[in-house]
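J.: If it helps, the file is called final.txt and holds compact mmCIF, C-alpha atoms and all ligand atoms:
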# COMPACT_ATOMS: atom_id res chain seq x y z
CA MET A 594 0.00 0.00 0.00
CA SER A 595 1.27 3.43 -0.87
CA GLY A 596 0.27 6.89 0.27
CA SER A 597 0.89 8.55 -3.07
CA PRO A 598 -2.18 9.50 -5.08
CA ILE A 599 -2.85 7.70 -8.35
CA PRO A 600 -1.63 10.00 -11.12
CA ASP A 601 -4.60 11.31 -13.08
CA ALA A 602 -4.29 14.50 -15.10
CA THR A 603 -8.02 15.19 -14.88
CA ALA A 604 -8.34 14.73 -11.11
CA MET A 605 -8.74 17.65 -8.74
CA ILE A 606 -5.74 18.63 -6.67
CA PRO A 607 -7.34 17.95 -3.29
CA LEU A 608 -7.48 20.45 -0.43
CA ALA A 609 -6.19 18.20 2.36
CA ILE A 610 -6.19 14.40 2.16
CA PRO A 611 -4.63 11.80 4.46
CA ASN A 612 -1.08 10.60 3.93
CA LEU A 613 -1.03 6.90 4.88
CA ALA A 614 2.50 5.93 3.87
CA GLY A 615 3.51 4.68 7.34
CA ARG A 616 2.50 1.57 9.31
CA GLU A 617 -1.27 2.24 9.07
CA ALA A 618 -2.07 -0.91 7.03
CA GLU A 619 0.12 -3.11 9.19
CA TYR A 620 -1.52 -1.90 12.40
CA LEU A 621 -5.01 -2.32 10.93
CA GLN A 622 -4.18 -5.90 9.98
CA GLU A 623 -3.14 -6.46 13.58
CA CYS A 624 -6.55 -5.23 14.80
CA VAL A 625 -8.32 -7.79 12.63
CA ALA A 626 -5.91 -10.62 13.44
CA THR A 627 -6.30 -10.06 17.18
CA THR A 628 -10.08 -9.27 16.98
CA PHE A 629 -9.45 -6.04 18.88
CA VAL A 630 -11.55 -3.85 16.60
CA SER A 631 -13.68 -2.05 19.17
CA THR A 632 -13.13 0.34 22.07
CA VAL A 633 -10.78 -1.97 23.95
CA GLY A 634 -7.37 -2.80 22.55
CA PRO A 635 -3.65 -2.10 22.82
CA PHE A 636 -3.53 0.67 20.22
CA VAL A 637 -5.79 2.94 22.30
CA GLY A 638 -3.30 3.23 25.16
CA ARG A 639 -0.31 3.51 22.83
CA PHE A 640 -2.07 6.23 20.83
CA GLU A 641 -2.92 8.18 23.98
CA ALA A 642 0.67 7.94 25.24
CA ALA A 643 1.95 9.22 21.88
CA VAL A 644 -0.52 12.13 21.90
CA ALA A 645 0.32 13.12 25.49
CA ALA A 646 4.06 13.02 24.71
CA ALA A 647 3.70 15.07 21.52
CA ALA A 648 1.55 17.63 23.32
CA GLY A 649 3.92 17.82 26.28
CA ALA A 650 0.94 17.04 28.52
CA GLU A 651 0.68 14.97 31.67
CA ALA A 652 -2.08 12.80 30.21
CA ALA A 653 -4.37 12.27 27.22
CA VAL A 654 -7.68 10.54 26.66
CA SER A 655 -8.86 9.69 23.16
CA THR A 656 -12.42 10.28 21.94
CA SER A 657 -14.61 9.47 18.94
CA ALA A 658 -14.07 12.95 17.42
CA GLY A 659 -12.77 16.41 18.15
CA THR A 660 -16.35 17.59 18.50
CA THR A 661 -17.18 15.03 21.19
CA ALA A 662 -13.89 15.88 22.93
CA ILE A 663 -15.04 19.51 23.19
CA HIS A 664 -18.43 18.48 24.58
CA ALA A 665 -17.01 16.12 27.22
CA ALA A 666 -14.16 18.48 28.20
CA LEU A 667 -16.57 21.36 28.83
CA VAL A 668 -18.76 19.13 31.00
CA ALA A 669 -15.63 18.03 32.90
CA LEU A 670 -14.72 21.68 33.46
CA GLY A 671 -18.13 22.27 35.02
CA VAL A 672 -20.04 24.10 32.29
CA GLU A 673 -23.73 23.86 33.11
CA ARG A 674 -27.04 24.99 31.69
CA ASP A 675 -27.09 28.68 30.68
CA ASP A 676 -23.45 29.31 31.53
CA LEU A 677 -21.82 31.81 29.21
CA VAL A 678 -18.73 30.54 27.40
CA ILE A 679 -16.50 33.03 25.58
CA VAL A 680 -15.50 31.79 22.13
CA PRO A 681 -14.21 33.46 18.98
CA ALA A 682 -16.87 34.03 16.31
CA LEU A 683 -14.22 32.99 13.81
CA THR A 684 -14.16 29.22 14.21
CA PHE A 685 -15.58 25.97 12.87
CA ILE A 686 -19.04 25.17 14.23
CA ALA A 687 -17.78 22.14 16.21
CA THR A 688 -16.44 24.53 18.87
CA VAL A 689 -19.90 25.95 19.38
CA SER A 690 -21.64 22.56 19.12
CA GLY A 691 -19.68 21.45 22.17
CA ILE A 692 -20.70 24.55 24.13
CA HIS A 693 -24.36 24.19 23.08
CA TRP A 694 -24.69 20.50 23.96
CA ALA A 695 -22.96 21.06 27.30
CA GLY A 696 -25.86 23.41 28.00
CA GLY A 697 -23.83 26.58 27.71
CA ARG A 698 -24.38 29.70 25.66
CA PRO A 699 -21.64 30.93 23.36
CA TRP A 700 -20.59 34.54 23.82
CA PHE A 701 -18.92 35.52 20.57
CA ALA A 702 -15.68 37.45 20.86
CA GLU A 703 -13.39 39.22 18.43
CA SER A 704 -10.18 37.87 16.97
CA ALA A 705 -6.87 39.72 16.61
CA PRO A 706 -5.52 40.56 13.14
CA GLU A 707 -2.07 39.20 14.03
CA SER A 708 -3.29 35.69 14.91
CA TRP A 709 -6.94 35.32 13.75
CA THR A 710 -7.82 34.08 17.20
CA LEU A 711 -8.99 35.59 20.50
CA ASP A 712 -7.68 39.10 21.12
CA PRO A 713 -6.68 39.34 24.83
CA GLY A 714 -6.96 43.14 24.86
CA ARG A 715 -10.48 43.00 23.49
CA ILE A 716 -11.46 40.25 25.96
CA GLU A 717 -10.15 42.32 28.85
CA THR A 718 -12.21 45.35 27.77
CA LEU A 719 -15.30 43.20 27.20
CA LEU A 720 -15.12 41.60 30.64
CA ALA A 721 -14.39 44.91 32.41
CA ARG A 722 -17.45 46.45 30.75
CA GLU A 723 -19.96 43.60 30.98
CA VAL A 724 -18.97 41.27 33.83
CA VAL A 725 -19.07 41.71 37.61
CA MET A 726 -17.84 39.39 40.35
CA ASP A 727 -20.74 38.54 42.69
CA GLY A 728 -20.49 38.12 46.47
CA THR A 729 -19.43 34.47 46.11
CA GLY A 730 -16.60 35.14 43.66
CA VAL A 731 -18.54 34.06 40.58
CA ALA A 732 -18.24 36.08 37.36
CA ARG A 733 -21.68 37.25 36.18
CA HIS A 734 -22.78 38.94 33.02
CA ARG A 735 -24.08 42.30 34.22
CA ALA A 736 -27.15 42.60 31.97
CA THR A 737 -28.47 39.01 32.20
CA GLY A 738 -27.06 37.77 35.52
CA LEU A 739 -25.79 34.63 33.79
CA ARG A 740 -22.65 32.98 35.12
CA VAL A 741 -19.59 33.37 32.90
CA LYS A 742 -17.86 30.01 33.29
CA ALA A 743 -15.27 29.38 30.63
CA MET A 744 -13.31 30.57 27.65
CA VAL A 745 -12.55 28.51 24.55
CA PRO A 746 -9.66 29.96 22.53
CA VAL A 747 -9.30 28.34 19.10
CA TYR A 748 -5.82 27.79 17.63
CA THR A 749 -6.92 28.91 14.19
CA LEU A 750 -5.02 27.17 11.36
CA GLY A 751 -2.56 25.94 14.02
CA ASN A 752 -1.81 29.37 15.58
CA PRO A 753 -2.41 29.97 19.29
CA PRO A 754 -3.49 33.39 20.53
CA ASP A 755 -1.19 35.26 22.95
CA MET A 756 -1.95 32.74 25.69
CA ASP A 757 -0.02 34.28 28.60
CA ARG A 758 -2.15 37.44 28.37
CA LEU A 759 -5.37 35.51 27.77
CA VAL A 760 -4.77 33.14 30.69
CA GLU A 761 -4.04 36.09 32.99
CA VAL A 762 -7.39 37.72 32.11
CA ALA A 763 -9.30 34.43 32.43
CA ARG A 764 -7.81 33.71 35.86
CA ARG A 765 -8.76 37.17 37.13
CA TYR A 766 -12.40 36.26 36.45
CA GLY A 767 -12.14 32.64 37.58
CA LEU A 768 -12.84 31.27 34.09
CA SER A 769 -11.81 27.77 33.03
CA ILE A 770 -9.97 27.51 29.73
CA LEU A 771 -10.54 24.80 27.14
CA ALA A 772 -8.34 25.21 24.08
CA ASP A 773 -9.77 24.09 20.76
CA ALA A 774 -6.39 22.97 19.43
CA ALA A 775 -8.10 20.73 16.86
CA ALA A 776 -5.46 21.24 14.18
CA ALA A 777 -2.59 22.60 16.25
CA LEU A 778 -0.56 19.53 17.19
CA GLY A 779 3.05 20.54 16.49
CA ALA A 780 2.52 24.24 17.27
CA THR A 781 4.61 25.98 19.93
CA TYR A 782 3.98 29.09 22.05
CA ARG A 783 7.06 30.88 23.41
CA GLY A 784 8.94 27.63 22.85
CA ARG A 785 6.45 25.54 24.82
CA PRO A 786 4.48 22.56 23.49
CA LEU A 787 0.67 22.53 23.15
CA GLY A 788 -0.04 21.07 26.59
CA GLU A 789 1.87 23.91 28.27
CA PHE A 790 0.21 26.91 26.65
CA GLY A 791 -1.83 27.54 29.82
CA ALA A 792 -5.26 26.03 29.10
CA ASP A 793 -6.81 23.69 31.67
CA LEU A 794 -7.62 21.23 28.92
CA SER A 795 -6.91 21.17 25.18
CA ILE A 796 -8.65 19.14 22.50
CA ILE A 797 -7.12 17.77 19.33
CA SER A 798 -8.96 16.42 16.27
CA PHE A 799 -7.87 13.43 14.20
CA ASN A 800 -10.45 14.00 11.47
CA GLY A 801 -9.43 13.05 7.93
CA ASN A 802 -8.53 16.61 6.90
CA LYS A 803 -6.19 17.25 9.81
CA THR A 804 -2.38 16.95 9.62
CA VAL A 805 -2.51 13.58 11.41
CA THR A 806 -5.70 11.52 11.25
CA ALA A 807 -7.18 8.46 12.91
CA GLY A 808 -9.81 8.21 10.17
CA GLY A 809 -11.87 10.08 12.71
CA GLY A 810 -11.26 10.69 16.35
CA GLY A 811 -10.12 13.18 18.94
CA ALA A 812 -8.25 13.58 22.18
CA VAL A 813 -8.24 15.73 25.27
CA VAL A 814 -4.89 16.54 26.90
CA GLY A 815 -4.11 18.11 30.26
CA LYS A 816 -3.35 17.33 33.89
CA ALA A 817 -3.92 13.69 34.92
CA GLU A 818 -6.69 14.42 37.41
CA LEU A 819 -8.85 16.33 34.93
CA ILE A 820 -8.12 13.81 32.18
CA ASP A 821 -9.31 11.02 34.50
CA ARG A 822 -12.56 12.97 34.89
CA VAL A 823 -12.96 13.26 31.10
CA ARG A 824 -12.15 9.56 30.67
CA HIS A 825 -14.82 8.69 33.20
CA LEU A 826 -17.40 10.84 31.40
CA VAL A 827 -16.63 9.48 27.91
CA THR A 828 -16.88 5.86 29.12
CA THR A 829 -20.49 6.18 30.39
CA ALA A 830 -19.41 7.35 33.89
CA ARG A 831 -19.58 3.76 35.03
CA VAL A 832 -18.48 2.90 38.56
CA GLY A 833 -16.92 -0.54 38.93
CA SER A 834 -17.85 -3.43 36.68
CA ASP A 835 -21.61 -3.46 37.27
CA TYR A 836 -24.17 -1.20 35.61
CA LEU A 837 -23.86 1.60 38.13
CA HIS A 838 -23.15 5.14 36.87
CA ASP A 839 -22.40 8.18 39.04
CA ALA A 840 -23.20 10.72 36.32
CA VAL A 841 -24.99 10.83 32.99
CA GLY A 842 -21.97 10.33 30.77
CA PHE A 843 -21.25 9.59 27.13
CA ASN A 844 -20.06 6.78 24.93
CA TYR A 845 -17.45 8.90 23.18
CA ARG A 846 -14.60 6.40 23.08
CA ILE A 847 -12.28 5.89 20.16
CA THR A 848 -11.96 2.38 18.68
CA ASN A 849 -8.79 0.31 18.47
CA ILE A 850 -9.10 0.54 14.66
CA GLN A 851 -9.03 4.33 14.74
CA ALA A 852 -6.22 4.33 17.31
CA ALA A 853 -4.20 1.96 15.10
CA VAL A 854 -4.31 4.49 12.25
CA GLY A 855 -3.76 7.34 14.68
CA LEU A 856 -0.67 5.73 16.21
CA ALA A 857 0.90 5.11 12.79
CA GLN A 858 0.25 8.78 11.98
CA MET A 859 1.67 10.00 15.30
CA GLU A 860 4.90 8.12 14.51
CA ARG A 861 5.31 10.51 11.58
CA LEU A 862 3.96 13.67 13.24
CA ASP A 863 7.18 15.69 13.01
CA ALA A 864 7.69 14.93 9.33
CA LEU A 865 4.06 15.66 8.46
CA VAL A 866 4.08 19.00 10.33
CA GLU A 867 7.41 19.89 8.69
CA ARG A 868 5.85 19.16 5.29
CA LYS A 869 2.85 21.42 6.14
CA ARG A 870 5.26 24.21 7.06
CA GLU A 871 7.17 23.77 3.81
CA ILE A 872 3.95 24.00 1.80
CA ARG A 873 3.01 27.17 3.64
CA ARG A 874 6.48 28.68 3.04
CA ARG A 875 6.28 27.91 -0.67
CA TYR A 876 2.90 29.67 -0.98
CA ASP A 877 4.13 32.64 1.06
CA ASP A 878 7.25 32.96 -1.12
CA ALA A 879 5.31 32.56 -4.35
CA PHE A 880 2.73 35.23 -3.47
CA GLU A 881 5.12 37.69 -1.82
CA GLY A 882 4.88 41.10 -3.42
CA VAL A 883 1.84 40.19 -5.54
CA PRO A 884 -0.50 43.19 -5.26
CA GLY A 885 -3.80 42.25 -3.61
CA LEU A 886 -2.46 39.15 -1.85
CA ARG A 887 -1.38 38.83 1.79
CA PRO A 888 -0.06 35.78 3.67
CA PHE A 889 -1.84 34.04 6.55
CA PRO A 890 -0.78 35.39 9.96
CA SER A 891 2.48 34.47 11.71
CA PRO A 892 2.25 35.75 15.28
CA GLU A 893 5.63 36.55 16.83
CA TRP A 894 4.91 34.58 20.02
CA GLY A 895 4.74 31.15 18.51
CA ARG A 896 5.23 28.73 15.72
CA SER A 897 2.13 27.65 13.86
CA ALA A 898 1.45 24.03 12.99
CA ASP A 899 0.38 25.43 9.58
CA TRP A 900 -2.55 23.03 9.24
CA PHE A 901 -4.08 24.91 6.32
CA SER A 902 -2.28 27.07 3.81
CA GLY A 903 -3.66 29.72 1.52
CA VAL A 904 -3.72 33.43 0.98
CA VAL A 905 -5.74 36.53 1.85
CA VAL A 906 -7.26 38.13 -1.24
CA GLU A 907 -7.56 41.75 -0.16
CA GLY A 908 -10.91 43.45 -0.64
CA MET A 909 -12.64 40.25 -1.75
CA THR A 910 -16.39 40.18 -1.09
CA GLU A 911 -18.39 37.04 -0.27
CA PRO A 912 -19.82 36.65 -3.81
CA GLY A 913 -16.43 37.60 -5.25
CA MET A 914 -14.75 34.83 -3.27
CA LYS A 915 -17.41 32.34 -4.44
CA ARG A 916 -16.59 33.22 -8.06
CA PHE A 917 -12.85 33.08 -7.38
CA VAL A 918 -13.14 29.60 -5.88
CA ALA A 919 -15.37 28.42 -8.75
CA GLY A 920 -12.74 29.64 -11.21
CA LEU A 921 -10.01 27.67 -9.44
CA ARG A 922 -12.18 24.57 -9.36
CA LYS A 923 -12.49 24.80 -13.16
CA ARG A 924 -8.70 24.64 -13.22
CA ARG A 925 -8.98 21.38 -11.19
CA ILE A 926 -7.94 22.97 -7.92
CA ASP A 927 -9.86 22.16 -4.76
CA ALA A 928 -9.65 25.63 -3.21
CA ARG A 929 -12.20 26.64 -0.59
CA PRO A 930 -13.46 29.75 1.14
CA PHE A 931 -12.99 29.97 4.90
CA TRP A 932 -15.30 29.55 7.94
CA ILE A 933 -18.42 31.70 7.94
CA PRO A 934 -18.36 33.32 11.41
CA MET A 935 -20.60 31.78 14.05
CA HIS A 936 -22.71 34.87 14.80
CA LEU A 937 -23.82 34.85 11.15
CA GLN A 938 -25.03 31.22 11.30
CA PRO A 939 -28.86 30.98 11.29
CA PRO A 940 -29.18 28.90 14.51
CA LEU A 941 -26.69 31.08 16.42
CA GLN A 942 -27.67 34.65 15.59
CA HIS A 943 -29.48 35.31 18.88
CA HIS A 944 -26.41 34.85 21.10
CA LEU A 945 -24.40 37.59 22.82
CA ALA A 946 -21.63 39.01 20.69
CA ASP A 947 -18.95 41.67 21.03
CA ASP A 948 -18.24 44.04 18.16
CA LEU A 949 -16.93 41.76 15.41
CA THR A 950 -15.77 44.25 12.78
CA PHE A 951 -12.46 42.51 12.13
CA THR A 952 -14.00 39.03 11.87
CA GLU A 953 -16.76 40.28 9.56
CA GLY A 954 -14.25 41.95 7.28
CA LEU A 955 -11.83 39.05 7.19
CA TRP A 956 -13.55 35.74 6.51
CA HIS A 957 -14.59 36.29 2.89
CA GLN A 958 -11.05 37.41 1.97
CA VAL A 959 -9.53 34.09 3.10
CA LEU A 960 -8.78 31.53 0.41
CA THR A 961 -7.58 28.08 1.50
CA LEU A 962 -5.50 26.18 -1.02
CA PRO A 963 -4.40 22.56 -1.53
CA CYS A 964 -2.04 21.62 1.30
CA SER A 965 -2.04 17.82 1.58
CA THR A 966 1.30 16.58 2.85
CA SER A 967 1.55 14.54 -0.38
CA LEU A 968 1.20 17.67 -2.56
CA THR A 969 3.95 17.70 -5.20
CA HIS A 970 5.95 20.82 -6.03
CA ALA A 971 4.60 20.62 -9.59
CA ASP A 972 1.00 20.59 -8.38
CA GLN A 973 1.67 23.42 -5.94
CA ASP A 974 3.28 25.47 -8.75
CA HIS A 975 0.16 24.83 -10.82
CA VAL A 976 -1.98 26.15 -7.95
CA VAL A 977 0.17 29.28 -7.65
CA ALA A 978 -0.03 29.97 -11.39
CA ALA A 979 -3.79 29.45 -11.36
CA VAL A 980 -4.30 31.88 -8.45
CA ARG A 981 -2.19 34.51 -10.24
CA ALA A 982 -4.08 33.99 -13.50
CA GLN A 983 -7.42 34.14 -11.76
CA LEU A 984 -6.38 37.35 -9.98
CA ALA A 985 -5.26 38.94 -13.25
CA ALA A 986 -8.57 37.95 -14.89
CA GLY A 987 -10.33 39.95 -12.12
C1 LIG A 1001 -11.63 19.87 12.78
C2 LIG A 1001 -12.03 20.86 13.82
C3 LIG A 1001 -12.90 20.51 14.86
C4 LIG A 1001 -13.70 19.23 14.89
O1 LIG A 1001 -13.06 18.07 14.97
P1 LIG A 1001 -13.80 16.72 14.48
O2 LIG A 1001 -12.80 15.69 14.81
O3 LIG A 1001 -14.02 16.88 13.01
O4 LIG A 1001 -15.06 16.58 15.24
C5 LIG A 1001 -13.15 21.43 15.86
N1 LIG A 1001 -12.60 22.65 15.84
C6 LIG A 1001 -11.77 23.05 14.85
C7 LIG A 1001 -11.18 24.42 14.92
C8 LIG A 1001 -11.47 22.17 13.79
O5 LIG A 1001 -10.67 22.59 12.82
As structure tokens, what does this structure read like?
Ligand SMILES: *Cc1c(COP(=O)(O)O)cnc(C)c1O
T.:
Amino acid sequence: MSGSPIPDATAMIPLAIPNLAGREAEYLQECVATTFVSTVGPFVGRFEAAVAAAAGAEAAVSTSAGTTAIHAALVALGVERDDLVIVPALTFIATVSGIHWAGGRPWFAESAPESWTLDPGRIETLLAREVVMDGTGVARHRATGLRVKAMVPVYTLGNPPDMDRLVEVARRYGLSILADAAAALGATYRGRPLGEFGADLSIISFNGNKTVTAGGGGAVVGKAELIDRVRHLVTTARVGSDYLHDAVGFNYRITNIQAAVGLAQMERLDALVERKREIRRRYDDAFEGVPGLRPFPSPEWGRSADWFSGVVVEGMTEPGMKRFVAGLRKRRIDARPFWIPMHLQPPLQHHLADDLTFTEGLWHQVLTLPCSTSLTHADQDHVVAAVRAQLAAG
């Protein structure tokens, strides 16, 4: 079995597909041969150990998806019905799904231009204006009286926000921090690995479009005691070996099959992240100095995992971006627009939101481009030429 795509001149250059050139097939065979195909099996523990080590975290628990990891982690952190949870409007809906199904209410916050994720200065101003500490030391939203319980920074494209400043503000208000680090494995912040950025818990996704995949799956990393709590919740909160449960938990476990793929991928994490960074560098170099194009952000405080690559097309409107993407697709390039902000989503428009001028101006200017780790230089050069041609065509 080989991870290289079958050459086909008429096929699309895909956006982000798995690279399965390691021991994935061998490990999958082992699952079948040993009959360990379900939620119990040796690959689960090995996968979790590899994830914890790569994240520089005390412990890790694997889950069925990144989305379910967010849900369970927020419950473990104590988010309850009608708690407000601060989250950037600029994210994928999974972040908000987790908040919603934990019973919380998202409170949409602004992102910073230098990182495209939570802006600590803006958060500080927002909290000072709209939150008071009540007599029992609980942060409450002034206008509604709702408890403000947690903050969920998202490491957009693999970039963390300025975590030291964000953590300081969150602590002042007693907020728990769950990092949505879905695609950020491999990122560093001030030289520290993911598990040491300052969040109480961080989630990672192993969906098929991420840098390392388990076919599907997720993980939560953090301190052992909290991870034990998450593990308990995602395994039906069962006490002992009988059918007694001390909470209403979830069946959010990963399977040995998924963990087998995930472990084989984790063995190649460094090389795959390095390849992502090279792809990003090649796009940045190719588009440098082209009028109307700007690179994705590179905050000075960290090193992105560069999950997705692409370019900012300055001044592009939403319909303009749709046409631009359609043009690239005609040239057999699987380019995509970026996340539509959460406060603009029909089921989420009634939630509290800060002023989101930057987010509203940004999203339709963001073009994501093919960045599979198996992308050839020739295909990437074709993408670059097509973007330039499309830009010149107007
Ligand atoms: C991929 C992703 C998720 C969801 O992970 P799944 O494993 O697909 O459930 C959540 N948040 C962000 C920012 C993501 O990119």
J.: Residues contacting ligand LIG 1001 (chain A) - anything with an atom at most 10 Å away, using all atoms listed in the file - can you give me those as number ranges by chain?
T.: A: 656-663, 683-691, 746-751, 772-777, 796-803, 806-812, 900-901, 932
J.: Nearest to Ala864 of chain A: which of A:Thr804, A:Thr718, A:Gln942, A:Thr829 is it, counting all atoms listed in the file?
T.: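 Going through A:Thr804, A:Thr718, A:Gln942, A:Thr829 one by one, the smallest distance to Ala864 of chain A is for A:Thr804.
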J.: For Ala986 of chain A, work out the shell of residues within 12 Å, counting all atoms listed in the file and skipping chain neighbours fewer than 6 positions away, then give it as a ChimeraX atom specification.
T.: /A:916-917,920-921,979-980
J.: Given all atoms listed in the file as the basis, pick out the residue of A:Leu759, A:Val625, A:Val866, A:Leu945 nearest to Ala736 of chain A.
T.: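 Smallest separation from Ala736 of chain A among the options: A:Leu945.
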J.: Counting all atoms listed in the file, which of A:Gly882, A:Gly903, A:Gly954, A:Gly649 gets nearest to Val977 of chain A?
T.: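 Answer, going by the shortest atom-to-atom distance: A:Gly903.
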J.: Give me the residues within 10 Å of Leu941 of chain A as an MDAnalysis selection string, counting all atoms listed in the file and dropping any in the same chain fewer than 4 places off.
T.: chainID A and resid 686 689 693 698:699 701 934:937 945
J.: Atom CA of Ala792 of chain A and atom CA of Ile770 of chain A are how many Å apart?
T.: 5.0 Å
J.: Got a sec: who's within 12 Å of Asp839 of chain A, counting all atoms listed in the file, leaving out chain neighbours fewer than 5 positions off, as a list in words?
T.: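 Everything that qualifies: Arg822, His825, Leu826, Thr828, Thr829, Ala830, Arg831, Val832 and Gly833 of chain A.
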J.: Closest to Ile926 of chain A among A:Leu613, A:Ala840, A:Leu962, A:Val760, using all atoms listed in the file?
T.: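 That would be A:Leu962, the residue with the smallest distance to Ile926 of chain A.
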J.: In Å to one decimal, how far is atom CA of Arg824 of chain A from atom CA of Val654 of chain A?
T.: 6.1 Å
J.: So which residues are close to (-10.8, 29.8, 3.0), meaning at most 6 Å away in the file's coordinates with all atoms listed in the file counted, and can you show them as a list in words?
T.: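 I get Arg929, Pro930, Phe931, Val959, Leu960 and Thr961 of chain A for the residues within 6 Å of that point.
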J.: Considering all atoms listed in the file, state which residue in the set A:Pro890, A:Gly788, A:Gly730, A:Gly615 is at the smallest distance from Ser704 of chain A.
T.: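 For Ser704 of chain A, the nearest of the candidates is A:Pro890.
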J.: Quick one, how far is atom CA of Leu608 of chain A from atom CA of Cys964 of chain A?
T.: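 The value is 5.8 Å.
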J.: Using the block above, I'd like segment 825-837 of chain A written out, keeping N, CA, C and O atoms and formatting it as a JSON list (two decimals), in the first residue's frame.
T.:
[["chain", "number", "residue", "atom", "x", "y", "z"],
["A", 825, "HIS", "N", -13.65, 9.24, 32.52],
["A", 825, "HIS", "CA", -14.82, 8.69, 33.20],
["A", 825, "HIS", "C", -16.10, 9.08, 32.44],
["A", 825, "HIS", "O", -16.96, 8.24, 32.16],
["A", 826, "LEU", "N", -16.19, 10.35, 32.09],
["A", 826, "LEU", "CA", -17.40, 10.84, 31.40],
["A", 826, "LEU", "C", -17.58, 10.20, 30.02],
["A", 826, "LEU", "O", -18.71, 9.89, 29.62],
["A", 827, "VAL", "N", -16.49, 10.00, 29.28],
["A", 827, "VAL", "CA", -16.63, 9.48, 27.91],
["A", 827, "VAL", "C", -16.80, 7.96, 27.89],
["A", 827, "VAL", "O", -17.07, 7.39, 26.83],
["A", 828, "THR", "N", -16.64, 7.31, 29.05],
["A", 828, "THR", "CA", -16.88, 5.86, 29.12],
["A", 828, "THR", "C", -18.09, 5.58, 29.99],
["A", 828, "THR", "O", -18.06, 4.74, 30.89],
["A", 829, "THR", "N", -19.16, 6.33, 29.76],
["A", 829, "THR", "CA", -20.49, 6.18, 30.39],
["A", 829, "THR", "C", -20.52, 6.45, 31.89],
["A", 829, "THR", "O", -21.51, 6.15, 32.55],
["A", 830, "ALA", "N", -19.45, 7.01, 32.45],
["A", 830, "ALA", "CA", -19.41, 7.35, 33.89],
["A", 830, "ALA", "C", -19.79, 6.15, 34.76],
["A", 830, "ALA", "O", -20.48, 6.27, 35.77],
["A", 831, "ARG", "N", -19.28, 5.00, 34.32],
["A", 831, "ARG", "CA", -19.58, 3.76, 35.03],
["A", 831, "ARG", "C", -18.68, 3.60, 36.24],
["A", 831, "ARG", "O", -17.49, 3.89, 36.18],
["A", 832, "VAL", "N", -19.25, 3.13, 37.34],
["A", 832, "VAL", "CA", -18.48, 2.90, 38.56],
["A", 832, "VAL", "C", -18.34, 1.40, 38.75],
["A", 832, "VAL", "O", -19.34, 0.70, 38.90],
["A", 833, "GLY", "N", -17.12, 0.89, 38.74],
["A", 833, "GLY", "CA", -16.92, -0.54, 38.93],
["A", 833, "GLY", "C", -17.34, -1.31, 37.69],
["A", 833, "GLY", "O", -17.48, -0.75, 36.60],
["A", 834, "SER", "N", -17.58, -2.61, 37.85],
["A", 834, "SER", "CA", -17.85, -3.43, 36.68],
["A", 834, "SER", "C", -19.34, -3.71, 36.49],
["A", 834, "SER", "O", -19.75, -4.29, 35.50],
["A", 835, "ASP", "N", -20.18, -3.29, 37.46],
["A", 835, "ASP", "CA", -21.61, -3.46, 37.27],
["A", 835, "ASP", "C", -22.21, -2.25, 36.55],
["A", 835, "ASP", "O", -21.49, -1.34, 36.20],
["A", 836, "TYR", "N", -23.53, -2.28, 36.35],
["A", 836, "TYR", "CA", -24.17, -1.20, 35.61],
["A", 836, "TYR", "C", -24.58, -0.07, 36.52],
["A", 836, "TYR", "O", -25.74, 0.33, 36.56],
["A", 837, "LEU", "N", -23.62, 0.45, 37.27],
["A", 837, "LEU", "CA", -23.86, 1.60, 38.13],
["A", 837, "LEU", "C", -23.09, 2.80, 37.57],
["A", 837, "LEU", "O", -21.91, 2.67, 37.22]]
